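Below: run-v3.cif (mmCIF, N, CA and C atoms)
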data_run
loop_
_atom_site.label_atom_id
_atom_site.label_comp_id
_atom_site.auth_asym_id
_atom_site.auth_seq_id
_atom_site.Cartn_x
_atom_site.Cartn_y
_atom_site.Cartn_z
N MET X 1 4.40 -71.70 -29.32
CA MET X 1 4.09 -70.44 -29.97
C MET X 1 5.37 -69.66 -30.29
N ALA X 2 6.35 -69.70 -29.44
CA ALA X 2 7.58 -68.94 -29.66
C ALA X 2 8.31 -69.44 -30.90
N LYS X 3 8.27 -70.74 -31.14
CA LYS X 3 8.94 -71.28 -32.33
C LYS X 3 8.28 -70.76 -33.60
N LYS X 4 6.96 -70.68 -33.58
CA LYS X 4 6.24 -70.18 -34.77
C LYS X 4 6.61 -68.72 -35.03
N ASP X 5 6.71 -67.94 -33.95
CA ASP X 5 7.08 -66.53 -34.11
C ASP X 5 8.50 -66.39 -34.65
N THR X 6 9.41 -67.24 -34.16
CA THR X 6 10.79 -67.20 -34.64
C THR X 6 10.86 -67.59 -36.11
N ILE X 7 10.09 -68.59 -36.49
CA ILE X 7 10.05 -69.02 -37.90
C ILE X 7 9.53 -67.88 -38.77
N LYS X 8 8.45 -67.22 -38.32
CA LYS X 8 7.89 -66.10 -39.10
C LYS X 8 8.90 -64.97 -39.24
N ALA X 9 9.63 -64.68 -38.16
CA ALA X 9 10.62 -63.61 -38.21
C ALA X 9 11.76 -63.97 -39.16
N LEU X 10 12.15 -65.21 -39.18
CA LEU X 10 13.21 -65.65 -40.10
C LEU X 10 12.74 -65.56 -41.55
N VAL X 11 11.51 -65.97 -41.79
CA VAL X 11 10.96 -65.91 -43.15
C VAL X 11 10.87 -64.46 -43.62
N ARG X 12 10.49 -63.53 -42.71
CA ARG X 12 10.44 -62.11 -43.09
C ARG X 12 11.82 -61.58 -43.45
N ARG X 13 12.86 -62.20 -42.93
CA ARG X 13 14.22 -61.77 -43.25
C ARG X 13 14.77 -62.47 -44.49
N GLY X 14 13.97 -63.30 -45.12
CA GLY X 14 14.38 -63.92 -46.36
C GLY X 14 14.88 -65.36 -46.22
N VAL X 15 14.76 -65.95 -45.05
CA VAL X 15 15.18 -67.33 -44.83
C VAL X 15 14.03 -68.23 -45.27
N SER X 16 14.35 -69.32 -45.95
CA SER X 16 13.29 -70.23 -46.38
C SER X 16 12.63 -70.86 -45.16
N GLU X 17 11.37 -71.21 -45.31
CA GLU X 17 10.63 -71.80 -44.18
C GLU X 17 11.25 -73.12 -43.75
N GLN X 18 11.74 -73.89 -44.71
CA GLN X 18 12.37 -75.17 -44.39
C GLN X 18 13.65 -74.97 -43.56
N ASP X 19 14.48 -74.00 -43.95
CA ASP X 19 15.69 -73.70 -43.19
C ASP X 19 15.34 -73.15 -41.80
N ALA X 20 14.30 -72.33 -41.74
CA ALA X 20 13.89 -71.76 -40.47
C ALA X 20 13.44 -72.85 -39.50
N GLU X 21 12.70 -73.82 -40.01
CA GLU X 21 12.25 -74.92 -39.16
C GLU X 21 13.43 -75.74 -38.65
N MET X 22 14.45 -75.90 -39.47
CA MET X 22 15.64 -76.64 -39.03
C MET X 22 16.40 -75.86 -37.95
N LEU X 23 16.43 -74.55 -38.09
CA LEU X 23 17.16 -73.72 -37.13
C LEU X 23 16.49 -73.68 -35.76
N VAL X 24 15.15 -73.63 -35.72
CA VAL X 24 14.47 -73.53 -34.43
C VAL X 24 14.55 -74.82 -33.62
N LYS X 25 14.97 -75.89 -34.25
CA LYS X 25 15.19 -77.14 -33.50
C LYS X 25 16.40 -77.01 -32.58
N SER X 26 17.38 -76.19 -32.99
CA SER X 26 18.60 -76.03 -32.20
C SER X 26 18.68 -74.68 -31.49
N TYR X 27 18.02 -73.67 -32.00
CA TYR X 27 18.10 -72.32 -31.45
C TYR X 27 16.70 -71.80 -31.14
N ASN X 28 16.56 -71.16 -30.00
CA ASN X 28 15.24 -70.67 -29.57
C ASN X 28 14.93 -69.26 -30.06
N THR X 29 15.96 -68.46 -30.28
CA THR X 29 15.73 -67.07 -30.65
C THR X 29 16.57 -66.68 -31.86
N ILE X 30 16.18 -65.59 -32.48
CA ILE X 30 16.96 -65.07 -33.60
C ILE X 30 18.31 -64.58 -33.11
N GLY X 31 18.34 -64.03 -31.91
CA GLY X 31 19.60 -63.57 -31.33
C GLY X 31 20.59 -64.71 -31.17
N ALA X 32 20.09 -65.87 -30.75
CA ALA X 32 20.97 -67.03 -30.60
C ALA X 32 21.49 -67.50 -31.95
N ILE X 33 20.66 -67.43 -32.97
CA ILE X 33 21.10 -67.80 -34.32
C ILE X 33 22.14 -66.81 -34.80
N GLY X 34 21.93 -65.53 -34.55
CA GLY X 34 22.86 -64.49 -34.98
C GLY X 34 24.23 -64.63 -34.32
N GLU X 35 24.28 -65.18 -33.12
CA GLU X 35 25.56 -65.36 -32.43
C GLU X 35 26.28 -66.64 -32.86
N ALA X 36 25.58 -67.51 -33.56
CA ALA X 36 26.19 -68.77 -33.99
C ALA X 36 27.14 -68.53 -35.16
N SER X 37 28.04 -69.48 -35.36
CA SER X 37 28.97 -69.40 -36.50
C SER X 37 28.37 -70.14 -37.69
N VAL X 38 28.99 -69.97 -38.83
CA VAL X 38 28.54 -70.66 -40.04
C VAL X 38 28.60 -72.17 -39.83
N GLU X 39 29.65 -72.63 -39.15
CA GLU X 39 29.81 -74.06 -38.89
C GLU X 39 28.70 -74.58 -37.98
N ASP X 40 28.29 -73.77 -36.99
CA ASP X 40 27.22 -74.19 -36.09
C ASP X 40 25.90 -74.34 -36.86
N ILE X 41 25.65 -73.42 -37.75
CA ILE X 41 24.41 -73.50 -38.53
C ILE X 41 24.49 -74.65 -39.53
N ALA X 42 25.66 -74.86 -40.10
CA ALA X 42 25.83 -75.98 -41.03
C ALA X 42 25.62 -77.31 -40.31
N ALA X 43 25.91 -77.35 -39.02
CA ALA X 43 25.71 -78.58 -38.25
C ALA X 43 24.22 -78.91 -38.09
N CYS X 44 23.36 -77.94 -38.33
CA CYS X 44 21.91 -78.18 -38.28
C CYS X 44 21.39 -78.83 -39.56
N GLY X 45 22.26 -79.01 -40.54
CA GLY X 45 21.87 -79.63 -41.80
C GLY X 45 21.66 -78.65 -42.93
N ILE X 46 22.13 -77.44 -42.76
CA ILE X 46 22.00 -76.40 -43.78
C ILE X 46 23.36 -76.22 -44.45
N PRO X 47 23.42 -76.23 -45.79
CA PRO X 47 24.70 -76.03 -46.48
C PRO X 47 25.36 -74.71 -46.09
N GLU X 48 26.68 -74.68 -46.13
CA GLU X 48 27.44 -73.51 -45.67
C GLU X 48 27.11 -72.24 -46.45
N ASP X 49 26.91 -72.34 -47.75
CA ASP X 49 26.61 -71.13 -48.52
C ASP X 49 25.28 -70.51 -48.08
N ARG X 50 24.28 -71.34 -47.81
CA ARG X 50 23.00 -70.82 -47.30
C ARG X 50 23.14 -70.34 -45.86
N ALA X 51 23.99 -71.00 -45.09
CA ALA X 51 24.22 -70.59 -43.70
C ALA X 51 24.81 -69.18 -43.65
N GLU X 52 25.72 -68.89 -44.56
CA GLU X 52 26.31 -67.54 -44.63
C GLU X 52 25.23 -66.51 -44.96
N GLY X 53 24.36 -66.84 -45.90
CA GLY X 53 23.27 -65.93 -46.27
C GLY X 53 22.29 -65.72 -45.13
N ILE X 54 22.03 -66.78 -44.37
CA ILE X 54 21.12 -66.67 -43.22
C ILE X 54 21.72 -65.74 -42.18
N LEU X 55 22.98 -65.94 -41.86
CA LEU X 55 23.63 -65.08 -40.87
C LEU X 55 23.66 -63.63 -41.32
N LYS X 56 23.91 -63.42 -42.59
CA LYS X 56 23.93 -62.05 -43.12
C LYS X 56 22.54 -61.42 -42.99
N ALA X 57 21.50 -62.18 -43.30
CA ALA X 57 20.13 -61.66 -43.21
C ALA X 57 19.74 -61.36 -41.76
N ILE X 58 20.19 -62.18 -40.84
CA ILE X 58 19.83 -61.99 -39.43
C ILE X 58 20.60 -60.83 -38.82
N ARG X 59 21.85 -60.69 -39.18
CA ARG X 59 22.68 -59.65 -38.57
C ARG X 59 22.39 -58.27 -39.12
N GLU X 60 21.78 -58.17 -40.28
CA GLU X 60 21.37 -56.88 -40.83
C GLU X 60 20.06 -56.48 -40.18
N LYS X 61 19.85 -55.19 -40.06
CA LYS X 61 18.58 -54.71 -39.52
C LYS X 61 17.49 -54.95 -40.54
N PRO X 62 16.29 -55.32 -40.09
CA PRO X 62 15.19 -55.48 -41.05
C PRO X 62 14.86 -54.13 -41.68
N SER X 63 14.36 -54.18 -42.89
CA SER X 63 14.04 -52.94 -43.59
C SER X 63 12.90 -52.23 -42.90
N SER X 64 12.90 -50.92 -42.96
CA SER X 64 11.88 -50.13 -42.28
C SER X 64 10.51 -50.30 -42.94
N SER X 65 10.47 -50.64 -44.22
CA SER X 65 9.19 -50.80 -44.88
C SER X 65 8.46 -52.03 -44.39
N SER X 66 9.19 -53.05 -43.94
CA SER X 66 8.52 -54.25 -43.47
C SER X 66 8.12 -54.13 -42.02
N SER X 67 8.75 -53.23 -41.26
CA SER X 67 8.44 -53.15 -39.83
C SER X 67 7.10 -52.46 -39.60
N GLY X 68 6.88 -51.35 -40.26
CA GLY X 68 5.63 -50.64 -40.09
C GLY X 68 5.44 -50.07 -38.70
N SER X 69 6.46 -49.98 -37.96
CA SER X 69 6.38 -49.51 -36.60
C SER X 69 6.36 -48.01 -36.54
N SER X 70 5.42 -47.47 -35.76
CA SER X 70 5.37 -46.03 -35.59
C SER X 70 6.38 -45.57 -34.56
N ARG X 71 6.93 -46.50 -33.76
CA ARG X 71 7.92 -46.12 -32.78
C ARG X 71 9.19 -45.62 -33.45
N ALA X 72 9.51 -46.14 -34.60
CA ALA X 72 10.75 -45.76 -35.27
C ALA X 72 10.65 -44.37 -35.88
N LYS X 73 9.45 -43.93 -36.14
CA LYS X 73 9.25 -42.64 -36.79
C LYS X 73 9.05 -41.58 -35.71
N LYS X 74 9.85 -40.54 -35.77
CA LYS X 74 9.69 -39.44 -34.83
C LYS X 74 9.07 -38.27 -35.57
N VAL X 75 8.05 -37.73 -34.98
CA VAL X 75 7.34 -36.61 -35.58
C VAL X 75 7.83 -35.33 -34.92
N ALA X 76 8.10 -34.34 -35.72
CA ALA X 76 8.55 -33.05 -35.20
C ALA X 76 7.40 -32.37 -34.47
N VAL X 77 7.67 -31.90 -33.29
CA VAL X 77 6.65 -31.22 -32.50
C VAL X 77 6.61 -29.77 -32.92
N GLN X 78 5.43 -29.31 -33.25
CA GLN X 78 5.27 -27.93 -33.68
C GLN X 78 4.84 -27.09 -32.48
N GLU X 79 5.50 -25.96 -32.33
CA GLU X 79 5.14 -25.04 -31.26
C GLU X 79 3.87 -24.30 -31.67
N PRO X 80 2.93 -24.17 -30.76
CA PRO X 80 1.71 -23.44 -31.11
C PRO X 80 2.01 -21.95 -31.27
N GLU X 81 1.24 -21.29 -32.10
CA GLU X 81 1.41 -19.86 -32.30
C GLU X 81 0.95 -19.14 -31.04
N PRO X 82 1.63 -18.08 -30.68
CA PRO X 82 1.21 -17.35 -29.47
C PRO X 82 -0.18 -16.75 -29.67
N VAL X 83 -0.93 -16.76 -28.60
CA VAL X 83 -2.29 -16.23 -28.65
C VAL X 83 -2.23 -14.72 -28.53
N GLN X 84 -2.92 -14.06 -29.40
CA GLN X 84 -2.97 -12.61 -29.35
C GLN X 84 -4.25 -12.18 -28.63
N ILE X 85 -4.06 -11.44 -27.58
CA ILE X 85 -5.21 -10.98 -26.81
C ILE X 85 -5.60 -9.60 -27.33
N PHE X 86 -6.87 -9.43 -27.56
CA PHE X 86 -7.34 -8.14 -28.04
C PHE X 86 -8.59 -7.77 -27.24
N GLU X 87 -8.84 -6.52 -27.19
CA GLU X 87 -10.01 -6.02 -26.48
C GLU X 87 -10.90 -5.31 -27.48
N ALA X 88 -12.16 -5.54 -27.33
CA ALA X 88 -13.12 -4.89 -28.21
C ALA X 88 -13.89 -3.86 -27.40
N TYR X 89 -13.98 -2.71 -27.91
CA TYR X 89 -14.71 -1.64 -27.25
C TYR X 89 -15.94 -1.31 -28.07
N ALA X 90 -17.00 -1.08 -27.37
CA ALA X 90 -18.22 -0.65 -28.04
C ALA X 90 -18.78 0.56 -27.30
N LYS X 91 -19.19 1.50 -28.04
CA LYS X 91 -19.73 2.71 -27.43
C LYS X 91 -21.25 2.65 -27.54
N PHE X 92 -21.91 2.83 -26.39
CA PHE X 92 -23.36 2.79 -26.38
C PHE X 92 -23.90 4.18 -26.08
N ASN X 93 -24.98 4.46 -26.71
CA ASN X 93 -25.68 5.73 -26.44
C ASN X 93 -26.42 5.60 -25.12
N ASP X 94 -26.73 6.72 -24.58
CA ASP X 94 -27.54 6.71 -23.36
C ASP X 94 -28.89 6.07 -23.64
N CYS X 95 -29.41 5.41 -22.66
CA CYS X 95 -30.68 4.73 -22.80
C CYS X 95 -31.81 5.73 -22.57
N ASP X 96 -32.92 5.49 -23.27
CA ASP X 96 -34.08 6.31 -23.03
C ASP X 96 -34.91 5.67 -21.92
N ALA X 97 -35.98 6.24 -21.58
CA ALA X 97 -36.80 5.79 -20.44
C ALA X 97 -37.34 4.39 -20.64
N ALA X 98 -37.74 4.04 -21.88
CA ALA X 98 -38.30 2.71 -22.13
C ALA X 98 -37.22 1.62 -21.98
N GLU X 99 -36.00 1.91 -22.42
CA GLU X 99 -34.90 0.94 -22.31
C GLU X 99 -34.47 0.76 -20.88
N LYS X 100 -34.56 1.80 -20.09
CA LYS X 100 -34.17 1.71 -18.68
C LYS X 100 -35.12 0.78 -17.93
N ARG X 101 -36.38 0.74 -18.32
CA ARG X 101 -37.34 -0.13 -17.64
C ARG X 101 -37.05 -1.60 -17.89
N LEU X 102 -36.45 -1.93 -18.98
CA LEU X 102 -36.14 -3.33 -19.31
C LEU X 102 -35.07 -3.80 -18.39
#
Turn this file's structure into structure tokens for me.
Amino acid sequence: MAKKDTIKALVRRGVSEQDAEMLVKSYNTIGAIGEASVEDIAACGIPEDRAEGILKAIREKPSSSSSGSSRAKKVAVQEPEPVQIFEAYAKFNDCDAAEKRL
């Protein structure tokens, strides 16, 4: 399963699926590929010009539009408005005898 995930991640970065499959035979993670040299990647059977492009794609951060992660987006916290306390007064007339019985 990890190889499939690595291949998908490489393809999202613009690496061809065929090149990605060749890379996962020698490297387990994208980080390991990123630390490799052009010559190391060329030793996997990938031409040097494509190896340079692969390394450039891996070493650059993926675009934010493809990530879709909400973790990267920080939302400004809004302070709530202070609550205003008010008192309402009502003036009542004196009750008559019938109202007092209630």
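Note that atom C of Arg59 of chain X and atom CA of Gly34 of chain X are 7.5 Å apart.
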Fill in: Separation of atom C of Val24 of chain X from atom C of Ala51 of chain X in Å
15.4 Å
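Among the candidates X:Cys95, X:Ile54, X:Ala76, X:Ala32, the residue lying nearest to Glu17 of chain X is X:Ile54 (atoms considered: only C-alpha atoms).
Near segment 43-50 of chain X, within 8 Å and counting only C-alpha atoms, sit Asp19, Met22, Leu23 and Ser26 of chain X; same-chain residues fewer than 6 positions away were not included.
Atom CA of Ile41 of chain X to atom CA of Ala2 of chain X spans 19.6 Å [interatomic distance, one decimal].
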